[in-house]
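J.: Provided below: upload06.pdb, containing PDB, C-alpha atoms and all ligand atoms.
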```pdb
ATOM      1  CA  MET A   1     -51.599 -48.885 -75.447
ATOM      2  CA  ARG A   2     -54.973 -48.951 -73.665
ATOM      3  CA  SER A   3     -58.044 -47.539 -75.391
ATOM      4  CA  THR A   4     -59.846 -44.578 -73.841
ATOM      5  CA  THR A   5     -62.685 -46.885 -72.744
ATOM      6  CA  GLU A   6     -60.314 -49.279 -71.016
ATOM      7  CA  PHE A   7     -58.606 -46.299 -69.471
ATOM      8  CA  LEU A   8     -61.914 -44.993 -68.101
ATOM      9  CA  ASP A   9     -62.963 -48.456 -66.865
ATOM     10  CA  ALA A  10     -59.716 -48.811 -64.974
ATOM     11  CA  SER A  11     -60.315 -45.439 -63.371
ATOM     12  CA  LEU A  12     -63.654 -46.352 -61.778
ATOM     13  CA  ALA A  13     -62.035 -47.805 -58.693
ATOM     14  CA  GLN A  14     -59.873 -44.703 -58.226
ATOM     15  CA  PRO A  15     -60.509 -41.310 -56.687
ATOM     16  CA  ALA A  16     -61.066 -38.627 -59.300
ATOM     17  CA  VAL A  17     -58.363 -36.364 -57.909
ATOM     18  CA  ARG A  18     -55.558 -37.014 -55.466
ATOM     19  CA  VAL A  19     -53.155 -34.308 -54.422
ATOM     20  CA  ASP A  20     -50.130 -35.168 -52.342
ATOM     21  CA  ARG A  21     -47.944 -32.538 -50.649
ATOM     22  CA  LEU A  22     -48.277 -29.974 -53.395
ATOM     23  CA  SER A  23     -46.302 -26.756 -52.956
ATOM     24  CA  LYS A  24     -45.916 -23.753 -55.223
ATOM     25  CA  SER A  25     -44.189 -20.440 -54.574
ATOM     26  CA  PHE A  26     -44.117 -17.136 -56.397
ATOM     27  CA  ARG A  27     -41.159 -14.915 -55.626
ATOM     28  CA  GLY A  28     -40.409 -16.804 -52.420
ATOM     29  CA  GLN A  29     -44.005 -16.643 -51.150
ATOM     30  CA  PHE A  30     -46.050 -19.822 -50.843
ATOM     31  CA  ALA A  31     -49.200 -19.853 -52.993
ATOM     32  CA  LEU A  32     -49.683 -23.530 -52.071
ATOM     33  CA  GLN A  33     -48.004 -25.120 -49.099
ATOM     34  CA  ASP A  34     -47.942 -28.877 -48.618
ATOM     35  CA  VAL A  35     -51.514 -29.343 -49.872
ATOM     36  CA  SER A  36     -52.878 -32.895 -49.720
ATOM     37  CA  LEU A  37     -56.452 -33.885 -50.508
ATOM     38  CA  THR A  38     -58.517 -36.539 -52.231
ATOM     39  CA  VAL A  39     -61.749 -36.017 -54.136
ATOM     40  CA  GLY A  40     -63.824 -39.095 -54.900
ATOM     41  CA  MET A  41     -65.524 -39.733 -58.212
ATOM     42  CA  GLY A  42     -68.871 -37.984 -58.334
ATOM     43  CA  GLU A  43     -68.131 -35.640 -55.439
ATOM     44  CA  MET A  44     -68.993 -31.941 -55.497
ATOM     45  CA  VAL A  45     -66.530 -29.931 -53.450
ATOM     46  CA  ALA A  46     -66.240 -26.211 -52.716
ATOM     47  CA  LEU A  47     -62.889 -24.497 -52.275
ATOM     48  CA  VAL A  48     -63.221 -21.396 -50.133
ATOM     49  CA  GLY A  49     -60.748 -18.837 -48.937
ATOM     50  CA  ALA A  50     -60.135 -15.123 -48.780
ATOM     51  CA  SER A  51     -58.486 -13.408 -51.715
ATOM     52  CA  GLY A  52     -54.965 -14.723 -52.293
ATOM     53  CA  SER A  53     -55.469 -17.920 -50.290
ATOM     54  CA  GLY A  54     -54.462 -20.139 -53.227
ATOM     55  CA  LYS A  55     -57.781 -21.351 -54.711
ATOM     56  CA  SER A  56     -56.989 -20.484 -58.332
ATOM     57  CA  THR A  57     -53.447 -21.780 -58.042
ATOM     58  CA  LEU A  58     -54.730 -25.101 -56.736
ATOM     59  CA  LEU A  59     -57.342 -25.456 -59.495
ATOM     60  CA  ARG A  60     -54.808 -24.588 -62.189
ATOM     61  CA  ASN A  61     -52.469 -27.208 -60.803
ATOM     62  CA  LEU A  62     -55.207 -29.843 -60.812
ATOM     63  CA  ASN A  63     -55.426 -29.785 -64.591
ATOM     64  CA  GLY A  64     -51.787 -28.957 -65.259
ATOM     65  CA  LEU A  65     -52.414 -25.411 -66.511
ATOM     66  CA  GLN A  66     -49.695 -24.657 -64.004
ATOM     67  CA  GLN A  67     -46.993 -26.842 -62.502
ATOM     68  CA  ALA A  68     -46.129 -26.913 -58.830
ATOM     69  CA  ASP A  69     -42.609 -26.880 -57.392
ATOM     70  CA  GLN A  70     -43.128 -30.093 -55.444
ATOM     71  CA  GLY A  71     -45.752 -32.752 -54.913
ATOM     72  CA  THR A  72     -48.060 -34.883 -56.987
ATOM     73  CA  VAL A  73     -51.435 -34.542 -58.708
ATOM     74  CA  GLU A  74     -53.139 -37.752 -59.808
ATOM     75  CA  ILE A  75     -56.281 -37.938 -61.923
ATOM     76  CA  PHE A  76     -58.182 -41.238 -61.770
ATOM     77  CA  GLY A  77     -55.114 -42.836 -60.231
ATOM     78  CA  ASN A  78     -52.761 -41.658 -62.978
ATOM     79  CA  PRO A  79     -50.055 -39.074 -62.412
ATOM     80  CA  LEU A  80     -50.744 -35.721 -64.064
ATOM     81  CA  GLN A  81     -47.799 -33.899 -62.533
ATOM     82  CA  VAL A  82     -45.026 -35.112 -60.292
ATOM     83  CA  GLY A  83     -42.294 -32.982 -58.721
ATOM     84  CA  GLY A  84     -43.012 -29.996 -60.949
ATOM     85  CA  LYS A  85     -43.151 -31.907 -64.237
ATOM     86  CA  LEU A  86     -46.167 -32.798 -66.330
ATOM     87  CA  HIS A  87     -46.409 -36.532 -66.904
ATOM     88  CA  SER A  88     -46.410 -37.948 -70.437
ATOM     89  CA  LYS A  89     -50.062 -38.976 -69.901
ATOM     90  CA  ALA A  90     -51.044 -35.436 -68.914
ATOM     91  CA  ARG A  91     -52.621 -34.559 -72.235
ATOM     92  CA  ARG A  92     -54.877 -37.601 -72.221
ATOM     93  CA  LEU A  93     -55.845 -36.961 -68.605
ATOM     94  CA  ARG A  94     -56.553 -33.301 -69.295
ATOM     95  CA  SER A  95     -59.051 -34.256 -71.974
ATOM     96  CA  GLN A  96     -61.217 -35.568 -69.135
ATOM     97  CA  ILE A  97     -61.040 -32.312 -67.176
ATOM     98  CA  GLY A  98     -63.168 -29.309 -68.110
ATOM     99  CA  PHE A  99     -62.238 -25.884 -66.778
ATOM    100  CA  ILE A 100     -64.598 -22.967 -66.270
ATOM    101  CA  PHE A 101     -63.240 -19.478 -65.715
ATOM    102  CA  GLN A 102     -64.739 -16.433 -64.039
ATOM    103  CA  GLN A 103     -64.605 -14.577 -67.378
ATOM    104  CA  PHE A 104     -65.985 -17.511 -69.457
ATOM    105  CA  ASN A 105     -63.055 -17.594 -71.957
ATOM    106  CA  LEU A 106     -65.191 -17.941 -75.076
ATOM    107  CA  VAL A 107     -64.115 -16.847 -78.553
ATOM    108  CA  ASN A 108     -66.372 -13.823 -78.953
ATOM    109  CA  ARG A 109     -66.457 -13.712 -82.740
ATOM    110  CA  LEU A 110     -67.510 -17.346 -83.088
ATOM    111  CA  THR A 111     -71.064 -18.537 -82.680
ATOM    112  CA  VAL A 112     -72.206 -20.283 -79.530
ATOM    113  CA  LEU A 113     -72.324 -23.589 -81.435
ATOM    114  CA  GLU A 114     -68.791 -23.101 -82.795
ATOM    115  CA  ASN A 115     -67.526 -22.312 -79.309
ATOM    116  CA  VAL A 116     -68.936 -25.591 -78.066
ATOM    117  CA  LEU A 117     -67.586 -27.502 -81.086
ATOM    118  CA  VAL A 118     -64.053 -26.162 -80.776
ATOM    119  CA  GLY A 119     -63.902 -26.432 -77.023
ATOM    120  CA  ASN A 120     -61.758 -29.512 -77.046
ATOM    121  CA  LEU A 121     -59.416 -28.617 -79.862
ATOM    122  CA  SER A 122     -55.896 -27.256 -79.872
ATOM    123  CA  GLN A 123     -55.352 -23.903 -81.619
ATOM    124  CA  VAL A 124     -54.087 -25.656 -84.788
ATOM    125  CA  SER A 125     -56.939 -28.144 -84.993
ATOM    126  CA  LEU A 126     -59.342 -25.344 -84.182
ATOM    127  CA  TRP A 127     -58.629 -23.400 -87.388
ATOM    128  CA  ARG A 128     -58.362 -26.601 -89.425
ATOM    129  CA  SER A 129     -61.763 -27.675 -88.149
ATOM    130  CA  LEU A 130     -63.317 -24.291 -88.768
ATOM    131  CA  VAL A 131     -62.069 -24.442 -92.366
ATOM    132  CA  ARG A 132     -63.088 -28.016 -93.112
ATOM    133  CA  GLY A 133     -66.280 -27.807 -91.075
ATOM    134  CA  PHE A 134     -67.634 -30.206 -88.512
ATOM    135  CA  SER A 135     -69.378 -33.515 -89.073
ATOM    136  CA  GLN A 136     -73.112 -33.889 -88.610
ATOM    137  CA  SER A 137     -72.620 -36.043 -85.551
ATOM    138  CA  GLU A 138     -70.252 -33.490 -83.972
ATOM    139  CA  LYS A 139     -72.855 -30.778 -84.525
ATOM    140  CA  LEU A 140     -75.592 -32.955 -83.038
ATOM    141  CA  ARG A 141     -73.466 -33.605 -79.947
ATOM    142  CA  ALA A 142     -72.781 -29.894 -79.551
ATOM    143  CA  LEU A 143     -76.469 -29.042 -79.948
ATOM    144  CA  SER A 144     -77.337 -31.693 -77.400
ATOM    145  CA  ALA A 145     -74.823 -30.167 -74.965
ATOM    146  CA  LEU A 146     -76.446 -26.764 -75.474
ATOM    147  CA  GLU A 147     -79.851 -28.290 -74.841
ATOM    148  CA  ARG A 148     -78.583 -29.823 -71.597
ATOM    149  CA  VAL A 149     -77.484 -26.409 -70.339
ATOM    150  CA  GLY A 150     -80.759 -24.804 -71.457
ATOM    151  CA  ILE A 151     -79.585 -22.473 -74.242
ATOM    152  CA  LEU A 152     -80.211 -24.427 -77.424
ATOM    153  CA  ASN A 153     -82.131 -21.442 -78.818
ATOM    154  CA  GLN A 154     -78.959 -19.305 -78.707
ATOM    155  CA  ALA A 155     -76.847 -21.742 -80.789
ATOM    156  CA  TYR A 156     -76.369 -19.515 -83.849
ATOM    157  CA  LYS A 157     -75.763 -16.209 -82.061
ATOM    158  CA  ARG A 158     -72.295 -14.836 -81.614
ATOM    159  CA  ALA A 159     -70.940 -15.624 -78.165
ATOM    160  CA  ALA A 160     -70.399 -11.911 -77.470
ATOM    161  CA  ALA A 161     -74.148 -11.280 -77.870
ATOM    162  CA  LEU A 162     -75.039 -13.451 -74.864
ATOM    163  CA  SER A 163     -75.418 -12.375 -71.256
ATOM    164  CA  GLY A 164     -72.739 -13.383 -68.759
ATOM    165  CA  GLY A 165     -74.884 -16.166 -67.348
ATOM    166  CA  GLN A 166     -75.567 -17.548 -70.810
ATOM    167  CA  GLN A 167     -71.869 -17.363 -71.696
ATOM    168  CA  GLN A 168     -71.005 -19.328 -68.591
ATOM    169  CA  ARG A 169     -73.511 -21.971 -69.644
ATOM    170  CA  VAL A 170     -71.810 -22.141 -73.061
ATOM    171  CA  ALA A 171     -68.546 -22.756 -71.213
ATOM    172  CA  ILE A 172     -70.231 -25.598 -69.332
ATOM    173  CA  ALA A 173     -71.637 -27.014 -72.590
ATOM    174  CA  ARG A 174     -68.080 -26.979 -73.943
ATOM    175  CA  CYS A 175     -67.023 -29.178 -71.014
ATOM    176  CA  LEU A 176     -69.890 -31.578 -71.811
ATOM    177  CA  MET A 177     -68.887 -31.701 -75.490
ATOM    178  CA  GLN A 178     -65.368 -32.483 -74.372
ATOM    179  CA  GLY A 179     -66.751 -35.428 -72.384
ATOM    180  CA  ALA A 180     -65.269 -34.070 -69.164
ATOM    181  CA  GLN A 181     -65.595 -36.384 -66.166
ATOM    182  CA  ILE A 182     -64.291 -33.645 -63.885
ATOM    183  CA  ILE A 183     -65.206 -29.955 -64.029
ATOM    184  CA  LEU A 184     -62.981 -27.430 -62.275
ATOM    185  CA  ALA A 185     -64.686 -24.065 -61.884
ATOM    186  CA  ASP A 186     -62.724 -21.021 -60.787
ATOM    187  CA  GLU A 187     -65.125 -18.463 -59.277
ATOM    188  CA  PRO A 188     -67.757 -19.340 -61.911
ATOM    189  CA  ILE A 189     -70.371 -16.916 -60.587
ATOM    190  CA  ALA A 190     -68.211 -14.000 -59.502
ATOM    191  CA  SER A 191     -69.081 -11.948 -62.599
ATOM    192  CA  LEU A 192     -72.786 -12.810 -62.669
ATOM    193  CA  ASP A 193     -75.957 -11.201 -61.392
ATOM    194  CA  PRO A 194     -77.734 -13.151 -58.613
ATOM    195  CA  GLU A 195     -80.306 -14.824 -60.850
ATOM    196  CA  SER A 196     -77.701 -15.971 -63.397
ATOM    197  CA  ALA A 197     -75.466 -17.105 -60.546
ATOM    198  CA  ARG A 198     -78.291 -19.218 -59.161
ATOM    199  CA  LYS A 199     -78.912 -20.838 -62.550
ATOM    200  CA  VAL A 200     -75.232 -21.663 -63.015
ATOM    201  CA  MET A 201     -74.980 -23.180 -59.519
ATOM    202  CA  GLU A 202     -78.135 -25.221 -60.139
ATOM    203  CA  LEU A 203     -76.757 -26.440 -63.453
ATOM    204  CA  LEU A 204     -73.481 -27.558 -61.889
ATOM    205  CA  THR A 205     -75.404 -29.322 -59.121
ATOM    206  CA  ARG A 206     -77.603 -31.087 -61.669
ATOM    207  CA  LEU A 207     -74.618 -32.255 -63.731
ATOM    208  CA  ASN A 208     -73.085 -33.631 -60.562
ATOM    209  CA  GLN A 209     -76.232 -35.368 -59.331
ATOM    210  CA  GLU A 210     -77.577 -36.670 -62.628
ATOM    211  CA  GLN A 211     -74.385 -37.416 -64.546
ATOM    212  CA  GLY A 212     -71.956 -38.069 -61.727
ATOM    213  CA  ILE A 213     -69.518 -35.424 -62.971
ATOM    214  CA  THR A 214     -66.996 -34.604 -60.265
ATOM    215  CA  ILE A 215     -67.074 -30.882 -59.591
ATOM    216  CA  ILE A 216     -64.572 -28.742 -57.712
ATOM    217  CA  THR A 217     -65.504 -25.067 -57.506
ATOM    218  CA  SER A 218     -63.760 -22.143 -55.909
ATOM    219  CA  LEU A 219     -66.128 -19.640 -54.373
ATOM    220  CA  HIS A 220     -65.832 -16.533 -52.309
ATOM    221  CA  GLN A 221     -69.233 -16.581 -50.671
ATOM    222  CA  VAL A 222     -69.855 -18.929 -47.780
ATOM    223  CA  GLN A 223     -73.654 -18.480 -48.032
ATOM    224  CA  ILE A 224     -73.577 -20.012 -51.501
ATOM    225  CA  VAL A 225     -71.363 -22.841 -50.346
ATOM    226  CA  ARG A 226     -73.755 -23.556 -47.459
ATOM    227  CA  HIS A 227     -76.625 -23.814 -49.893
ATOM    228  CA  TYR A 228     -75.127 -26.011 -52.594
ATOM    229  CA  PHE A 229     -72.285 -28.007 -51.061
ATOM    230  CA  GLU A 230     -71.669 -30.552 -48.363
ATOM    231  CA  ARG A 231     -67.906 -30.942 -48.478
ATOM    232  CA  THR A 232     -65.807 -27.799 -48.255
ATOM    233  CA  ILE A 233     -62.073 -27.248 -48.282
ATOM    234  CA  ALA A 234     -60.903 -23.945 -46.811
ATOM    235  CA  LEU A 235     -57.503 -22.571 -47.764
ATOM    236  CA  ARG A 236     -55.527 -19.883 -46.069
ATOM    237  CA  ASP A 237     -52.093 -18.709 -47.223
ATOM    238  CA  GLY A 238     -51.872 -21.740 -49.480
ATOM    239  CA  SER A 239     -52.558 -24.309 -46.734
ATOM    240  CA  VAL A 240     -55.622 -26.462 -46.180
ATOM    241  CA  ARG A 241     -57.127 -25.227 -42.913
ATOM    242  CA  PHE A 242     -60.417 -27.117 -43.055
ATOM    243  CA  ASP A 243     -61.664 -30.126 -45.006
ATOM    244  CA  GLY A 244     -65.048 -31.421 -43.983
ATOM    245  CA  HIS A 245     -68.798 -30.936 -43.907
ATOM    246  CA  ILE A 246     -69.915 -27.366 -44.447
ATOM    247  CA  SER A 247     -72.036 -27.534 -41.277
ATOM    248  CA  ASP A 248     -68.773 -27.638 -39.316
ATOM    249  CA  LEU A 249     -67.491 -24.511 -41.004
ATOM    250  CA  ASN A 250     -69.652 -22.171 -38.936
ATOM    251  CA  ASP A 251     -68.954 -18.482 -38.409
ATOM    252  CA  GLN A 252     -66.878 -19.174 -35.311
ATOM    253  CA  ARG A 253     -64.664 -21.602 -37.219
ATOM    254  CA  LEU A 254     -64.341 -19.108 -40.069
ATOM    255  CA  ASN A 255     -63.227 -16.445 -37.611
ATOM    256  CA  GLU A 256     -60.662 -18.814 -36.131
ATOM    257  CA  ILE A 257     -59.240 -19.519 -39.585
ATOM    258  CA  TYR A 258     -59.431 -16.101 -41.191
ATOM    259  CA  GLY A 259     -59.775 -13.549 -38.403
ATOM    260  CA  ALA A 260     -61.073 -10.252 -39.772
ATOM    261  CA  ALA A 261     -60.851 -11.574 -43.351
ATOM    262  CA  ALA A 262     -63.782 -13.913 -42.551
ATOM    263  CA  GLU A 263     -66.073 -10.952 -43.208
ATOM    264  CA  GLU A 264     -65.041 -11.003 -46.854
ATOM    265  CA  LEU A 265     -66.336 -14.573 -47.122
ATOM    266  CA  VAL A 266     -69.566 -14.110 -45.217
ATOM    267  CA  LEU A 267     -70.638 -10.740 -46.557
ATOM    268  CA  SER A 268     -69.340 -10.574 -50.119
ATOM    269  CA  GLY A 269     -71.833 -10.615 -53.019
ATOM    270  CA  HIS A 270     -74.768 -12.801 -53.976
ATOM    271  CA  ALA A 271     -76.331 -13.228 -50.537
ATOM    272  CA  GLU A 272     -79.478 -11.901 -52.243
ATOM    273  CA  ILE A 273     -79.473 -14.943 -54.540
ATOM    274  CA  PHE A 274     -81.755 -16.791 -52.134
ATOM    275  CA  SER A 275     -84.116 -14.008 -51.128
ATOM    276  CA  ALA A 276     -84.606 -13.003 -54.791
ATOM    277  CA  SER A 277     -85.719 -16.440 -55.839
ATOM    278  CA  GLN A 278     -87.696 -19.475 -54.852
ATOM    279  CA  VAL A 279     -84.602 -21.608 -54.154
TER     280      VAL A 279
HETATM  281  N1  LIG B   1     -48.764 -15.876 -61.702
HETATM  282  C1  LIG B   1     -48.498 -15.399 -60.474
HETATM  283  N2  LIG B   1     -47.419 -14.645 -60.240
HETATM  284  C2  LIG B   1     -47.124 -14.192 -59.009
HETATM  285  N3  LIG B   1     -47.871 -14.435 -57.915
HETATM  286  C3  LIG B   1     -48.977 -15.185 -58.081
HETATM  287  C4  LIG B   1     -49.348 -15.708 -59.370
HETATM  288  N4  LIG B   1     -50.499 -16.420 -59.226
HETATM  289  C5  LIG B   1     -50.831 -16.341 -57.926
HETATM  290  N5  LIG B   1     -49.928 -15.609 -57.238
HETATM  291  C6  LIG B   1     -49.951 -15.335 -55.792
HETATM  292  O1  LIG B   1     -50.232 -16.552 -55.155
HETATM  293  C7  LIG B   1     -51.129 -16.355 -54.061
HETATM  294  C8  LIG B   1     -52.382 -17.189 -54.278
HETATM  295  O2  LIG B   1     -53.101 -16.627 -55.376
HETATM  296  P1  LIG B   1     -54.437 -17.263 -55.950
HETATM  297  O3  LIG B   1     -54.825 -16.472 -57.151
HETATM  298  O4  LIG B   1     -54.245 -18.711 -56.116
HETATM  299  O5  LIG B   1     -55.454 -17.020 -54.757
HETATM  300  P2  LIG B   1     -57.044 -17.054 -54.770
HETATM  301  O6  LIG B   1     -57.454 -17.668 -53.490
HETATM  302  O7  LIG B   1     -57.524 -17.682 -56.022
HETATM  303  O8  LIG B   1     -57.386 -15.512 -54.760
HETATM  304  P3  LIG B   1     -58.623 -14.731 -55.451
HETATM  305  O9  LIG B   1     -59.841 -15.150 -54.696
HETATM  306  O10 LIG B   1     -58.276 -13.294 -55.233
HETATM  307  O11 LIG B   1     -58.634 -15.129 -56.889
HETATM  308  C9  LIG B   1     -51.389 -14.847 -53.993
HETATM  309  O12 LIG B   1     -50.493 -14.289 -53.069
HETATM  310  C10 LIG B   1     -51.068 -14.386 -55.396
HETATM  311  O13 LIG B   1     -50.624 -13.057 -55.396
END
```
Re-express the file's structure as structure tokens.
Ligand SMILES: Nc1ncnc2c1ncn2[C@@H]1O[C@H](COP(=O)(O)OP(=O)(O)OP(=O)(O)O)[C@@H](O)[C@H]1O
T.:
Amino acid sequence: MRSTTEFLDASLAQPAVRVDRLSKSFRGQFALQDVSLTVGMGEMVALVGASGSGKSTLLRNLNGLQQADQGTVEIFGNPLQVGGKLHSKARRLRSQIGFIFQQFNLVNRLTVLENVLVGNLSQVSLWRSLVRGFSQSEKLRALSALERVGILNQAYKRAAALSGGQQQRVAIARCLMQGAQIILADEPIASLDPESARKVMELLTRLNQEQGITIITSLHQVQIVRHYFERTIALRDGSVRFDGHISDLNDQRLNEIYGAAAEELVLSGHAEIFSASQV
């Protein structure tokens, strides 16, 4: 069996994510329909689309939280799911994929540091680790992750005591502790105030630019996408309707794809993010 290092080395020549003809239905309705796309290592890609267009379903399928009915997802050239079944390597591949949720998904009664430390553990190992404690080097790595996301000074507070923006940064630190090479973020700023949203978007951008972490983020607001992203994939009714440079996804193109629903993407929340700050 190959070691993790060999596994990572072999992956360098591969795209980070490759999706081939992925389809998923709920009660006879397509949530994803014949979706194919490739995301290179170190890319930062926005997924846009009106409510119900399939963004969350796609992200959940990319890390195997959910299985499609048909099609393939490959991570670093290795199959994660094929034809609706998780591959035997899925667990190892998933350890390289961090996932950030709109509602942060932290364990409220644990401290910030503990949340970062347990981020990568199964439920069983989580309680075992909490009982036996963590090694010094694990704690140092977790503290370093918190420093990288700018909230080292909150390490010993309970997660529930933090603001939404800070909690989202804990979730990102958890991905760093996990050693994630890919971060999937599902509407990561939808529950945040404009200033916190700006900080989270800047942090994701920095992790992409400075550490080469591949980032795929679903977002509702086209203004934000225009500011932070170059490549954008637009979904409608579970199909890819646009995959290209954000400058080509102008208002006219949005209207062609979404009709009246384009307003939801152009006008919804956080437009003030840029006027309220120096960005
Ligand atoms: N677990 C589920 N059970 C039934 N239907 C589902 C389920 N998950 C998603 N769907 C349906 O699949 C379609 C795509 O949903 P999805 O959540 O992926 O869209 P989205 O673009 O992320 O929307 P939003 O921006 O509102 O989160 C929708 O019609 C939704 O109702």
J.: When you draw a straight line from atom CA of A:Val73 to atom CA of A:Arg231, how long is it in Å?
T.: 19.7 Å
J.: Would you name the residues within 7 Å of ligand LIG 1 (chain B), counting only C-alpha atoms and all ligand atoms, and put them as a list in words?
T.: Phe26, Arg27, Phe30, Ala31, Gly49, Ala50, Ser51, Gly52, Ser53, Gly54, Lys55, Ser56, Thr57, Leu58, His220 and Gly238 of chain A
J.: Let me make sure I understand: among A:Thr38, A:Ser23, A:Ser247, A:Asn78, which one has the smallest atom-to-atom distance to A:Thr214 if we use all atoms listed in the file?
T.: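 Of A:Thr38, A:Ser23, A:Ser247, A:Asn78, the one nearest A:Thr214, counting all atoms listed in the file, is A:Thr38.
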J.: For the file shown, what are the residues hit by the PyMOL selection byres (((chain A and resi 176-189) around 8) and not hetatm), laid out as a tab-separated table (two decimals) with C-alpha atoms, in the coordinates of the input?
T.:
```tsv
chain	number	residue	atom	x	y	z
A	16	ALA	CA	-61.07	-38.63	-59.30
A	55	LYS	CA	-57.78	-21.35	-54.71
A	56	SER	CA	-56.99	-20.48	-58.33
A	59	LEU	CA	-57.34	-25.46	-59.50
A	95	SER	CA	-59.05	-34.26	-71.97
A	96	GLN	CA	-61.22	-35.57	-69.14
A	97	ILE	CA	-61.04	-32.31	-67.18
A	98	GLY	CA	-63.17	-29.31	-68.11
A	99	PHE	CA	-62.24	-25.88	-66.78
A	100	ILE	CA	-64.60	-22.97	-66.27
A	101	PHE	CA	-63.24	-19.48	-65.72
A	102	GLN	CA	-64.74	-16.43	-64.04
A	103	GLN	CA	-64.60	-14.58	-67.38
A	104	PHE	CA	-65.98	-17.51	-69.46
A	116	VAL	CA	-68.94	-25.59	-78.07
A	117	LEU	CA	-67.59	-27.50	-81.09
A	119	GLY	CA	-63.90	-26.43	-77.02
A	120	ASN	CA	-61.76	-29.51	-77.05
A	141	ARG	CA	-73.47	-33.60	-79.95
A	142	ALA	CA	-72.78	-29.89	-79.55
A	145	ALA	CA	-74.82	-30.17	-74.96
A	168	GLN	CA	-71.00	-19.33	-68.59
A	172	ILE	CA	-70.23	-25.60	-69.33
A	173	ALA	CA	-71.64	-27.01	-72.59
A	174	ARG	CA	-68.08	-26.98	-73.94
A	175	CYS	CA	-67.02	-29.18	-71.01
A	190	ALA	CA	-68.21	-14.00	-59.50
A	191	SER	CA	-69.08	-11.95	-62.60
A	192	LEU	CA	-72.79	-12.81	-62.67
A	196	SER	CA	-77.70	-15.97	-63.40
A	197	ALA	CA	-75.47	-17.10	-60.55
A	200	VAL	CA	-75.23	-21.66	-63.02
A	201	MET	CA	-74.98	-23.18	-59.52
A	212	GLY	CA	-71.96	-38.07	-61.73
A	213	ILE	CA	-69.52	-35.42	-62.97
A	214	THR	CA	-67.00	-34.60	-60.26
A	215	ILE	CA	-67.07	-30.88	-59.59
A	216	ILE	CA	-64.57	-28.74	-57.71
A	217	THR	CA	-65.50	-25.07	-57.51
A	218	SER	CA	-63.76	-22.14	-55.91
A	219	LEU	CA	-66.13	-19.64	-54.37
A	220	HIS	CA	-65.83	-16.53	-52.31
```
J.: Would you work out the distance separating atom CA of A:Tyr228 from atom CA of A:Val112, expressed in Å to one decimal?
T.: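 These two atoms are separated by 27.7 Å.
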J.: Can you list what the PyMOL selection byres (((chain A and resi 251) around 12) and not hetatm) grabs from this structure, as a list in words?
T.: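 After applying the PyMOL selection byres (((chain A and resi 251) around 12) and not hetatm), what remains is Val222, Gln223, Arg226, Ile246, Ser247, Asp248, Leu249, Asn250, Gln252, Arg253, Leu254, Asn255, Glu256, Ile257, Tyr258, Gly259, Ala260, Ala261, Ala262, Glu263, Glu264, Leu265, Val266 and Leu267 of chain A.
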J.: Please, could you write that set of residues out with C-alpha atoms as a PDB file, in the frame of the given file?
T.:
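What ended up in again36.pdb:
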```pdb
ATOM      1  CA  VAL A 222     -69.855 -18.929 -47.780  1.00  0.00           C
ATOM      2  CA  GLN A 223     -73.654 -18.480 -48.032  1.00  0.00           C
ATOM      3  CA  ARG A 226     -73.755 -23.556 -47.459  1.00  0.00           C
ATOM      4  CA  ILE A 246     -69.915 -27.366 -44.447  1.00  0.00           C
ATOM      5  CA  SER A 247     -72.036 -27.534 -41.277  1.00  0.00           C
ATOM      6  CA  ASP A 248     -68.773 -27.638 -39.316  1.00  0.00           C
ATOM      7  CA  LEU A 249     -67.491 -24.511 -41.004  1.00  0.00           C
ATOM      8  CA  ASN A 250     -69.652 -22.171 -38.936  1.00  0.00           C
ATOM      9  CA  GLN A 252     -66.878 -19.174 -35.311  1.00  0.00           C
ATOM     10  CA  ARG A 253     -64.664 -21.602 -37.219  1.00  0.00           C
ATOM     11  CA  LEU A 254     -64.341 -19.108 -40.069  1.00  0.00           C
ATOM     12  CA  ASN A 255     -63.227 -16.445 -37.611  1.00  0.00           C
ATOM     13  CA  GLU A 256     -60.662 -18.814 -36.131  1.00  0.00           C
ATOM     14  CA  ILE A 257     -59.240 -19.519 -39.585  1.00  0.00           C
ATOM     15  CA  TYR A 258     -59.431 -16.101 -41.191  1.00  0.00           C
ATOM     16  CA  GLY A 259     -59.775 -13.549 -38.403  1.00  0.00           C
ATOM     17  CA  ALA A 260     -61.073 -10.252 -39.772  1.00  0.00           C
ATOM     18  CA  ALA A 261     -60.851 -11.574 -43.351  1.00  0.00           C
ATOM     19  CA  ALA A 262     -63.782 -13.913 -42.551  1.00  0.00           C
ATOM     20  CA  GLU A 263     -66.073 -10.952 -43.208  1.00  0.00           C
ATOM     21  CA  GLU A 264     -65.041 -11.003 -46.854  1.00  0.00           C
ATOM     22  CA  LEU A 265     -66.336 -14.573 -47.122  1.00  0.00           C
ATOM     23  CA  VAL A 266     -69.566 -14.110 -45.217  1.00  0.00           C
ATOM     24  CA  LEU A 267     -70.638 -10.740 -46.557  1.00  0.00           C
TER      25      LEU A 267
END
```
J.: Can you spell out as a PyMOL selection string the set of residues that the PyMOL selection byres (((chain A and resi 232) around 8) and not hetatm) selects in the structure I just provided?
T.: chain A and resi 45-48+225+229-231+233-234+242-246
J.: Which of these residues is nearest to A:Lys157, using all atoms listed in the file: A:Val240, A:Leu86, A:Val17, A:Leu113?
T.: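 For A:Lys157, the nearest of the given residues is A:Leu113.
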J.: Could you tell me, as a PyMOL selection string, which residues have any atom at most 6 Å from (-57.2, -32.7, -56.8), counting all atoms listed in the file?
T.: chain A and resi 17-19+62
J.: To one decimal place in Å, what is the distance between atom CA of A:Ala68 and atom CA of A:Arg21?
T.: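 Computing it gives 10.1 Å between the two atoms.
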J.: Find, counting all atoms listed in the file, the residue in A:Gln209, A:Val35, A:Thr111, A:Gln67 that gets nearest to A:Arg236.
T.: A:Val35
